[in-house]
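Dumped target10.cif below, it's mmCIF, C-alpha atoms:
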```cif
data_protein
loop_
_atom_site.label_atom_id
_atom_site.label_comp_id
_atom_site.auth_asym_id
_atom_site.auth_seq_id
_atom_site.Cartn_x
_atom_site.Cartn_y
_atom_site.Cartn_z
CA MET A 1 -65.12 -79.11 86.98
CA ASN A 2 -62.51 -79.72 84.30
CA ILE A 3 -60.22 -76.76 83.66
CA GLY A 4 -58.22 -76.35 80.46
CA ILE A 5 -55.28 -73.95 80.35
CA VAL A 6 -53.76 -72.51 77.19
CA GLY A 7 -50.28 -71.19 77.97
CA LEU A 8 -48.51 -72.85 80.88
CA GLY A 9 -45.84 -70.32 81.73
CA LEU A 10 -45.67 -68.23 84.90
CA MET A 11 -49.37 -67.27 85.02
CA GLY A 12 -50.90 -70.41 83.50
CA GLY A 13 -48.60 -72.85 85.25
CA SER A 14 -49.14 -71.15 88.59
CA ILE A 15 -52.93 -71.18 88.24
CA ALA A 16 -52.70 -74.89 87.35
CA LYS A 17 -50.85 -75.43 90.63
CA ALA A 18 -53.42 -73.33 92.52
CA VAL A 19 -56.55 -75.08 91.25
CA LYS A 20 -54.90 -78.43 92.05
CA LYS A 21 -53.86 -77.30 95.53
CA TYR A 22 -57.37 -76.17 96.44
CA ALA A 23 -59.09 -79.11 94.69
CA ILE A 24 -61.10 -76.76 92.48
CA ALA A 25 -60.66 -78.89 89.36
CA LYS A 26 -61.47 -82.54 88.81
CA ASN A 27 -58.94 -82.52 85.95
CA VAL A 28 -56.51 -79.87 84.69
CA TYR A 29 -55.82 -80.04 80.96
CA GLY A 30 -53.20 -78.13 79.01
CA TYR A 31 -52.44 -77.05 75.47
CA ALA A 32 -49.01 -76.09 74.17
CA ARG A 33 -47.96 -75.46 70.57
CA ASN A 34 -44.25 -75.91 71.11
CA GLU A 35 -42.85 -79.44 71.54
CA GLN A 36 -40.08 -78.33 73.90
CA THR A 37 -42.60 -76.44 76.03
CA ALA A 38 -44.89 -79.48 76.08
CA LYS A 39 -41.98 -81.64 77.25
CA GLU A 40 -41.23 -79.22 80.12
CA ILE A 41 -44.90 -79.13 81.14
CA GLU A 42 -45.01 -82.92 81.34
CA GLU A 43 -41.73 -83.12 83.26
CA LEU A 44 -43.02 -80.57 85.78
CA ASN A 45 -46.38 -82.36 86.04
CA LEU A 46 -48.24 -79.06 85.70
CA VAL A 47 -51.38 -80.65 84.20
CA ASP A 48 -53.10 -84.01 84.26
CA LYS A 49 -53.02 -84.26 80.47
CA LEU A 50 -51.88 -82.26 77.45
CA MET A 51 -54.42 -82.15 74.63
CA SER A 52 -54.98 -80.70 71.21
CA LEU A 53 -56.97 -77.47 71.25
CA ASP A 54 -60.06 -79.23 69.89
CA GLU A 55 -59.85 -81.87 72.64
CA LEU A 56 -59.35 -79.24 75.30
CA LYS A 57 -62.41 -77.30 74.11
CA LYS A 58 -64.61 -80.40 74.20
CA ASN A 59 -63.45 -81.61 77.62
CA SER A 60 -63.16 -78.37 79.62
CA ASP A 61 -65.85 -76.58 81.63
CA VAL A 62 -63.50 -73.63 81.97
CA ILE A 63 -60.82 -72.53 79.49
CA ILE A 64 -58.15 -70.15 80.80
CA LEU A 65 -56.06 -68.19 78.29
CA ALA A 66 -52.73 -67.39 79.95
CA ILE A 67 -50.96 -66.17 76.81
CA PRO A 68 -49.83 -62.78 75.45
CA VAL A 69 -52.54 -60.31 74.47
CA ASP A 70 -52.02 -60.59 70.71
CA SER A 71 -52.19 -64.39 70.98
CA ILE A 72 -55.49 -64.12 72.86
CA ILE A 73 -56.96 -62.05 70.03
CA SER A 74 -55.66 -64.47 67.40
CA MET A 75 -57.37 -67.41 69.18
CA PHE A 76 -60.86 -65.92 69.07
CA ASP A 77 -61.80 -67.62 65.80
CA ASP A 78 -60.78 -70.99 67.25
CA LEU A 79 -63.04 -70.45 70.27
CA LYS A 80 -66.26 -69.41 68.52
CA ASP A 81 -67.59 -72.98 68.53
CA VAL A 82 -67.27 -73.70 72.27
CA SER A 83 -70.37 -74.73 74.17
CA GLN A 84 -72.49 -71.95 75.67
CA ASN A 85 -71.86 -73.64 79.02
CA THR A 86 -68.07 -73.35 78.72
CA THR A 87 -66.53 -70.43 80.58
CA ILE A 88 -63.58 -68.72 78.89
CA MET A 89 -61.26 -66.46 80.89
CA ASP A 90 -58.19 -64.53 79.83
CA LEU A 91 -55.44 -63.32 82.17
CA GLY A 92 -54.10 -60.58 79.88
CA SER A 93 -52.51 -57.40 81.21
CA THR A 94 -54.63 -55.13 78.99
CA LYS A 95 -58.38 -55.43 78.80
CA GLU A 96 -60.12 -52.86 76.59
CA PHE A 97 -58.70 -54.10 73.27
CA ILE A 98 -59.56 -57.69 74.19
CA VAL A 99 -63.12 -56.83 75.27
CA LYS A 100 -63.77 -54.84 72.09
CA ASN A 101 -62.71 -57.77 69.93
CA ILE A 102 -64.52 -60.66 71.65
CA PRO A 103 -66.75 -62.33 69.02
CA ASN A 104 -70.49 -62.14 69.66
CA GLU A 105 -70.65 -65.94 69.70
CA ILE A 106 -68.69 -66.11 72.97
CA ARG A 107 -69.21 -62.68 74.54
CA LYS A 108 -71.53 -63.94 77.29
CA ASN A 109 -69.11 -66.70 78.35
CA PHE A 110 -65.87 -64.70 78.05
CA ILE A 111 -64.58 -63.29 81.35
CA ALA A 112 -61.98 -60.51 81.03
CA ALA A 113 -59.68 -60.88 84.05
CA HIS A 114 -56.30 -59.52 85.08
CA PRO A 115 -54.62 -60.97 88.17
CA MET A 116 -52.35 -58.21 89.49
CA THR A 117 -49.40 -60.44 90.23
CA GLY A 118 -46.34 -61.87 88.51
CA THR A 119 -42.57 -61.92 88.36
CA GLU A 120 -40.00 -61.17 85.67
CA LYS A 121 -39.67 -64.90 84.93
CA PHE A 122 -41.44 -66.77 82.13
CA GLY A 123 -41.87 -70.26 80.72
CA PRO A 124 -43.16 -73.46 82.43
CA LYS A 125 -40.25 -73.56 84.90
CA SER A 126 -41.36 -70.20 86.30
CA ALA A 127 -44.68 -71.66 87.56
CA MET A 128 -44.82 -71.33 91.32
CA ASP A 129 -46.97 -72.09 94.34
CA GLY A 130 -48.69 -69.15 96.03
CA LEU A 131 -48.45 -66.67 93.14
CA TYR A 132 -52.11 -65.73 93.43
CA GLU A 133 -52.78 -65.97 97.16
CA GLY A 134 -53.52 -62.60 98.77
CA LYS A 135 -53.26 -60.77 95.44
CA THR A 136 -55.90 -58.74 93.57
CA VAL A 137 -57.70 -59.79 90.40
CA VAL A 138 -59.57 -57.22 88.32
CA LEU A 139 -62.72 -58.50 86.59
CA CYS A 140 -63.96 -56.25 83.80
CA ASP A 141 -67.40 -55.57 82.30
CA LEU A 142 -69.11 -58.49 84.06
CA GLU A 143 -72.51 -57.00 83.22
CA ASP A 144 -71.99 -58.48 79.74
CA ASN A 145 -71.58 -62.03 81.08
CA GLU A 146 -74.18 -64.67 81.95
CA GLU A 147 -74.51 -65.54 85.63
CA LEU A 148 -73.10 -69.06 85.18
CA HIS A 149 -69.79 -67.78 83.83
CA LYS A 150 -69.58 -64.78 86.15
CA ASN A 151 -70.16 -66.95 89.22
CA ARG A 152 -67.65 -69.59 88.09
CA ALA A 153 -64.93 -67.00 87.61
CA ILE A 154 -65.62 -65.33 90.95
CA LYS A 155 -65.58 -68.69 92.75
CA ILE A 156 -62.30 -69.82 91.16
CA PHE A 157 -60.46 -66.61 92.04
CA GLN A 158 -61.91 -66.49 95.55
CA ASP A 159 -61.05 -70.15 96.16
CA ILE A 160 -57.39 -69.60 95.21
CA GLY A 161 -57.22 -66.74 97.72
CA MET A 162 -57.55 -63.61 95.60
CA ARG A 163 -59.19 -60.26 96.35
CA LEU A 164 -61.73 -59.21 93.71
CA VAL A 165 -62.04 -55.76 92.14
CA PHE A 166 -64.64 -54.92 89.48
CA MET A 167 -64.28 -52.14 86.89
CA LYS A 168 -64.69 -51.16 83.27
CA ALA A 169 -62.01 -52.38 80.89
CA SER A 170 -61.10 -48.81 79.89
CA GLU A 171 -60.59 -47.82 83.54
CA HIS A 172 -58.49 -50.91 84.16
CA ASP A 173 -56.11 -50.07 81.33
CA ILE A 174 -55.43 -46.59 82.71
CA HIS A 175 -54.73 -47.86 86.23
CA ALA A 176 -52.68 -50.85 85.01
CA CYS A 177 -50.60 -48.51 82.87
CA TYR A 178 -49.44 -46.40 85.83
CA MET A 179 -49.03 -49.32 88.25
CA SER A 180 -47.40 -51.79 85.85
CA HIS A 181 -46.83 -50.78 82.25
CA LEU A 182 -45.03 -47.47 82.91
CA PRO A 183 -42.74 -49.07 85.55
CA HIS A 184 -41.72 -51.69 83.00
CA ALA A 185 -40.95 -49.00 80.41
CA ILE A 186 -38.86 -47.14 83.01
CA SER A 187 -37.02 -50.32 84.03
CA TYR A 188 -36.11 -51.14 80.43
CA SER A 189 -34.97 -47.53 79.95
CA LEU A 190 -32.82 -47.60 83.09
CA ALA A 191 -31.21 -50.88 82.07
CA ASN A 192 -30.38 -49.56 78.60
CA THR A 193 -29.04 -46.28 80.03
CA VAL A 194 -26.60 -48.18 82.25
CA MET A 195 -25.68 -50.69 79.53
CA ASN A 196 -24.83 -47.84 77.15
CA HIS A 197 -22.69 -46.04 79.73
CA GLU A 198 -21.04 -48.69 81.92
CA ASP A 199 -18.84 -51.65 81.07
CA PRO A 200 -19.83 -55.13 82.35
CA ARG A 201 -17.03 -55.22 84.96
CA SER A 202 -18.21 -51.98 86.56
CA ILE A 203 -21.80 -53.17 86.59
CA ILE A 204 -20.80 -56.42 88.33
CA ALA A 205 -18.58 -54.60 90.84
CA LEU A 206 -20.79 -51.67 91.71
CA ALA A 207 -24.45 -52.53 91.07
CA ALA A 208 -26.18 -52.32 94.45
CA GLY A 209 -29.58 -53.32 95.77
CA GLY A 210 -31.41 -50.22 94.59
CA PHE A 211 -30.28 -50.63 90.99
CA LYS A 212 -31.03 -54.36 91.04
CA ASP A 213 -34.52 -53.72 92.40
CA MET A 214 -35.30 -51.05 89.81
CA SER A 215 -33.89 -53.02 86.87
CA ARG A 216 -35.24 -56.45 87.87
CA ILE A 217 -38.38 -56.29 85.75
CA ALA A 218 -36.27 -55.44 82.68
CA LYS A 219 -35.66 -59.21 82.62
CA SER A 220 -39.31 -59.70 81.62
CA SER A 221 -40.22 -61.24 78.26
CA PRO A 222 -39.86 -58.57 75.52
CA SER A 223 -42.40 -60.28 73.23
CA MET A 224 -45.05 -60.18 75.96
CA TRP A 225 -44.38 -56.56 76.86
CA ILE A 226 -44.32 -55.36 73.26
CA ASP A 227 -47.86 -56.74 72.99
CA ILE A 228 -48.89 -54.89 76.16
CA PHE A 229 -47.29 -51.62 75.07
CA LYS A 230 -48.99 -51.93 71.68
CA GLN A 231 -52.45 -52.68 73.09
CA ASN A 232 -52.25 -49.92 75.73
CA ARG A 233 -50.35 -47.48 73.54
CA GLU A 234 -52.32 -44.29 74.19
CA ASN A 235 -52.35 -44.67 77.97
CA LEU A 236 -48.64 -45.54 77.98
CA LEU A 237 -47.74 -42.47 75.93
CA ASP A 238 -49.75 -40.27 78.32
CA SER A 239 -48.00 -41.79 81.33
CA ILE A 240 -44.55 -41.33 79.76
CA ASP A 241 -45.40 -37.65 79.13
CA LEU A 242 -46.30 -37.21 82.80
CA PHE A 243 -43.18 -39.08 83.95
CA GLU A 244 -41.02 -36.81 81.77
CA VAL A 245 -42.60 -33.77 83.49
CA HIS A 246 -41.36 -35.11 86.85
CA MET A 247 -37.91 -35.96 85.48
CA LYS A 248 -37.67 -32.43 84.12
CA LYS A 249 -38.75 -31.07 87.50
CA VAL A 250 -36.07 -32.97 89.45
CA ARG A 251 -33.47 -31.91 86.90
CA GLU A 252 -34.44 -28.25 87.34
CA MET A 253 -34.36 -28.47 91.15
CA VAL A 254 -30.87 -30.02 91.14
CA GLU A 255 -29.64 -27.67 88.42
CA ASN A 256 -30.91 -24.60 90.31
CA GLU A 257 -29.80 -25.95 93.71
CA GLU A 258 -33.38 -25.81 95.02
CA TYR A 259 -32.73 -28.40 97.71
CA GLU A 260 -35.60 -27.43 100.02
CA GLU A 261 -38.03 -27.95 97.13
CA LEU A 262 -36.26 -31.21 96.30
CA ASP A 263 -36.72 -32.34 99.90
CA LYS A 264 -40.48 -31.65 99.75
CA TRP A 265 -40.72 -33.46 96.40
CA MET A 266 -38.93 -36.52 97.79
CA LYS A 267 -41.04 -36.55 100.97
CA LYS A 268 -44.20 -36.54 98.85
CA ALA A 269 -42.82 -39.60 97.05
CA ASN A 270 -42.09 -41.23 100.43
CA SER A 271 -45.80 -41.08 101.26
CA LEU A 272 -46.58 -43.59 98.47
CA HIS A 273 -45.31 -46.41 100.66
CA GLU A 274 -47.58 -45.34 103.51
CA ILE A 275 -50.47 -45.95 101.09
CA LEU A 276 -49.01 -49.27 99.95
#
```
Can I see the file as structure tokens?
Amino acid sequence: MNIGIVGLGLMGGSIAKAVKKYAIAKNVYGYARNEQTAKEIEELNLVDKLMSLDELKKNSDVIILAIPVDSIISMFDDLKDVSQNTTIMDLGSTKEFIVKNIPNEIRKNFIAAHPMTGTEKFGPKSAMDGLYEGKTVVLCDLEDNEELHKNRAIKIFQDIGMRLVFMKASEHDIHACYMSHLPHAISYSLANTVMNHEDPRSIIALAAGGFKDMSRIAKSSPSMWIDIFKQNRENLLDSIDLFEVHMKKVREMVENEEYEELDKWMKKANSLHEIL
């Protein structure tokens, strides 16, 4: 099949590499609005050919949208005229808002997917081999899709080495919030707390592995994460409320010198990694 990818950064560029590696696609086409981005894509040889959006729609059996959530929504009007045999998939980090806004013209061929993988890097140069292998992809509301498109999506993700999980878009957004969106909010908060308190020399001299690990994802693209926070706003606010309850609890235990309780609280947190 011919696969067209819109957005060839970390996620799109890496899936381009994956479908080439496993010979899933006869041709991999790409679309980029920005001239500098297009130049980088060509230099990195991420796709067989860059095309206009109209060309990509006509020549692709599968169109993958690897762009921020708001950009996915804004593209819907441009996709209404695709063939009924063309599968469209998005890789967005929120799902319910996308699913609710899919036009009727393409609802049966639009697969709502979220590969649970990534790094803090972005742009074409961040594309990497092996990003998807052994990772989980969540496919949402497949009962609304025709068999052709459902089976294509399942085959592509299985062939690049992913584990499949199926759920409702609303359920996905709750789980993704606690596993991904809240940790990003915490990482940005931690980074800003340190930046507002410490001078650069102290940060360079004293920042250790734990701080670097916790603040790493604060390097992620702000424009992308603003979209995610906006689209999953209610779940994020609920998760922040719950996180603040635990921060208040640890403060009270330290303040009141309740170290036995603090020990139990920390040991409960230790058990998370037994699950992972």
What residues have an atom no more than 12 Å from (-67.5, -60.5, 84.9) in the file's own frame, counting only C-alpha atoms, and can you write them as number ranges by chain? A: 87-90, 99, 107-114, 137-155, 157, 164-169
Apply the PyMOL selection byres ((chain A and resi 47) around 12) to the displayed file and report the matching residues as number ranges by chain. A: 2-9, 12-20, 25-32, 38-46, 48-51, 124, 127
Resolved residues for the PyMOL selection byres ((chain A and resi 231) around 10) as a PyMOL selection string: chain A and resi 69-70+93-98+173+225-230+232-236
May I ask for the distance between atom CA of Asp54 of chain A and atom CA of Leu79 of chain A, given in Å to one decimal place?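 We find that atom CA of Asp54 of chain A and atom CA of Leu79 of chain A lie 9.3 Å from each other.
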Between atom CA of Pro183 of chain A and atom CA of Ile73 of chain A - distance in Å to one decimal: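 Rounded to one decimal, the two atoms are 24.7 Å apart.
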For Glu120 of chain A, list every protein, DNA or RNA residue within 6 Å, evaluated using all atoms listed in the file, and leave out those in the same chain fewer than 6 positions away; present the list as a VMD selection string. chain A and resid 217 219 to 220
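Counting all atoms listed in the file and comparing A:Ala66, A:Leu237, A:Met214, A:Met253, the residue that lies closest to Ile174 of chain A is A:Leu237.
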How far is it from atom CA of Tyr132 of chain A to atom CA of Ser221 of chain A, in Å with one decimal?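 Value for the atom CA of Tyr132 of chain A-atom CA of Ser221 of chain A distance: 19.8 Å.
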Nearest to Gly92 of chain A: which of A:Ser60, A:Thr119, A:Met11, A:Gly130 is it, counting only C-alpha atoms?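 Ranked by minimum distance to Gly92 of chain A, first place goes to A:Met11.
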Excluding segment 259-274 of chain A and any residue of its chain fewer than 3 positions from it, enumerate the residues within 12 Å of it, using all atoms listed in the file, and give them as a ChimeraX atom specification. /A:179,246-247,249-256
Counting all atoms listed in the file, figure out which residue out of A:Lys212, A:Lys80, A:Lys21, A:Lys121 gets nearest to Val194 of chain A.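 Closest candidate: A:Lys212.
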Please write the residues picked by the PyMOL selection byres ((chain A and resi 81) around 12) on this file as a list of chain:residue names.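 Going through the file, the PyMOL selection byres ((chain A and resi 81) around 12) ends up selecting A:Leu53, A:Asp54, A:Lys57, A:Lys58, A:Met75, A:Phe76, A:Asp77, A:Asp78, A:Leu79, A:Lys80, A:Val82, A:Ser83, A:Gln84, A:Asn85, A:Thr86, A:Ile88, A:Pro103, A:Asn104, A:Glu105, A:Ile106, A:Asn109.
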Quick one: residues within 7 Å of Glu133 of chain A, only C-alpha atoms counted, chain neighbours fewer than 5 positions away excluded, as an MDAnalysis selection string? chainID A and resid 160:162
Given the selection you just returned, output its residues as a file containing C-alpha atoms, formatted as a PDB file, keeping the file's coordinate frame.
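selection07.pdb written:
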```
ATOM      1  CA  ILE A 160     -57.390 -69.600  95.210  1.00  0.00           C
ATOM      2  CA  GLY A 161     -57.220 -66.740  97.720  1.00  0.00           C
ATOM      3  CA  MET A 162     -57.550 -63.610  95.600  1.00  0.00           C
TER       4      MET A 162
END
```
Which residue is closest to Ala218 of chain A? Choose from A:Ile156, A:Leu190, A:Ile67, A:Met128 and count all atoms listed in the file.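 Selected residue with least distance to Ala218 of chain A: A:Leu190.
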Is it possible to add N, CA, C and O atoms to segment 141-152 of chain A and hand it back as a PDB file, in the coordinates of the input?
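Generated file (selection.pdb):
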```pdb
ATOM      1  N   ASP A 141     -66.161 -55.558  83.101  1.00  0.00           N
ATOM      2  CA  ASP A 141     -67.400 -55.570  82.300  1.00  0.00           C
ATOM      3  C   ASP A 141     -68.235 -56.833  82.531  1.00  0.00           C
ATOM      4  O   ASP A 141     -68.779 -57.421  81.586  1.00  0.00           O
ATOM      5  N   LEU A 142     -68.374 -57.261  83.771  1.00  0.00           N
ATOM      6  CA  LEU A 142     -69.110 -58.490  84.060  1.00  0.00           C
ATOM      7  C   LEU A 142     -70.598 -58.380  83.739  1.00  0.00           C
ATOM      8  O   LEU A 142     -71.292 -59.393  83.642  1.00  0.00           O
ATOM      9  N   GLU A 143     -71.091 -57.157  83.568  1.00  0.00           N
ATOM     10  CA  GLU A 143     -72.510 -57.000  83.220  1.00  0.00           C
ATOM     11  C   GLU A 143     -72.819 -57.624  81.853  1.00  0.00           C
ATOM     12  O   GLU A 143     -73.991 -57.879  81.530  1.00  0.00           O
ATOM     13  N   ASP A 144     -71.793 -57.871  81.052  1.00  0.00           N
ATOM     14  CA  ASP A 144     -71.990 -58.480  79.740  1.00  0.00           C
ATOM     15  C   ASP A 144     -71.919 -60.006  79.768  1.00  0.00           C
ATOM     16  O   ASP A 144     -72.011 -60.653  78.724  1.00  0.00           O
ATOM     17  N   ASN A 145     -71.719 -60.575  80.957  1.00  0.00           N
ATOM     18  CA  ASN A 145     -71.580 -62.030  81.080  1.00  0.00           C
ATOM     19  C   ASN A 145     -72.829 -62.669  81.693  1.00  0.00           C
ATOM     20  O   ASN A 145     -73.519 -62.048  82.501  1.00  0.00           O
ATOM     21  N   GLU A 146     -73.098 -63.918  81.320  1.00  0.00           N
ATOM     22  CA  GLU A 146     -74.180 -64.670  81.950  1.00  0.00           C
ATOM     23  C   GLU A 146     -73.766 -65.058  83.367  1.00  0.00           C
ATOM     24  O   GLU A 146     -72.574 -65.206  83.658  1.00  0.00           O
ATOM     25  N   GLU A 147     -74.763 -65.251  84.223  1.00  0.00           N
ATOM     26  CA  GLU A 147     -74.510 -65.540  85.630  1.00  0.00           C
ATOM     27  C   GLU A 147     -73.637 -66.778  85.834  1.00  0.00           C
ATOM     28  O   GLU A 147     -72.761 -66.786  86.701  1.00  0.00           O
ATOM     29  N   LEU A 148     -73.873 -67.835  85.043  1.00  0.00           N
ATOM     30  CA  LEU A 148     -73.100 -69.060  85.180  1.00  0.00           C
ATOM     31  C   LEU A 148     -71.609 -68.780  85.095  1.00  0.00           C
ATOM     32  O   LEU A 148     -70.823 -69.216  85.941  1.00  0.00           O
ATOM     33  N   HIS A 149     -71.209 -68.024  84.080  1.00  0.00           N
ATOM     34  CA  HIS A 149     -69.790 -67.780  83.830  1.00  0.00           C
ATOM     35  C   HIS A 149     -69.218 -66.774  84.834  1.00  0.00           C
ATOM     36  O   HIS A 149     -68.091 -66.935  85.314  1.00  0.00           O
ATOM     37  N   LYS A 150     -70.007 -65.775  85.162  1.00  0.00           N
ATOM     38  CA  LYS A 150     -69.580 -64.780  86.150  1.00  0.00           C
ATOM     39  C   LYS A 150     -69.343 -65.462  87.504  1.00  0.00           C
ATOM     40  O   LYS A 150     -68.306 -65.247  88.147  1.00  0.00           O
ATOM     41  N   ASN A 151     -70.278 -66.292  87.919  1.00  0.00           N
ATOM     42  CA  ASN A 151     -70.160 -66.950  89.220  1.00  0.00           C
ATOM     43  C   ASN A 151     -69.008 -67.958  89.262  1.00  0.00           C
ATOM     44  O   ASN A 151     -68.335 -68.095  90.290  1.00  0.00           O
ATOM     45  N   ARG A 152     -68.786 -68.659  88.154  1.00  0.00           N
ATOM     46  CA  ARG A 152     -67.650 -69.590  88.090  1.00  0.00           C
ATOM     47  C   ARG A 152     -66.328 -68.851  88.273  1.00  0.00           C
ATOM     48  O   ARG A 152     -65.469 -69.285  89.035  1.00  0.00           O
TER      49      ARG A 152
END
```
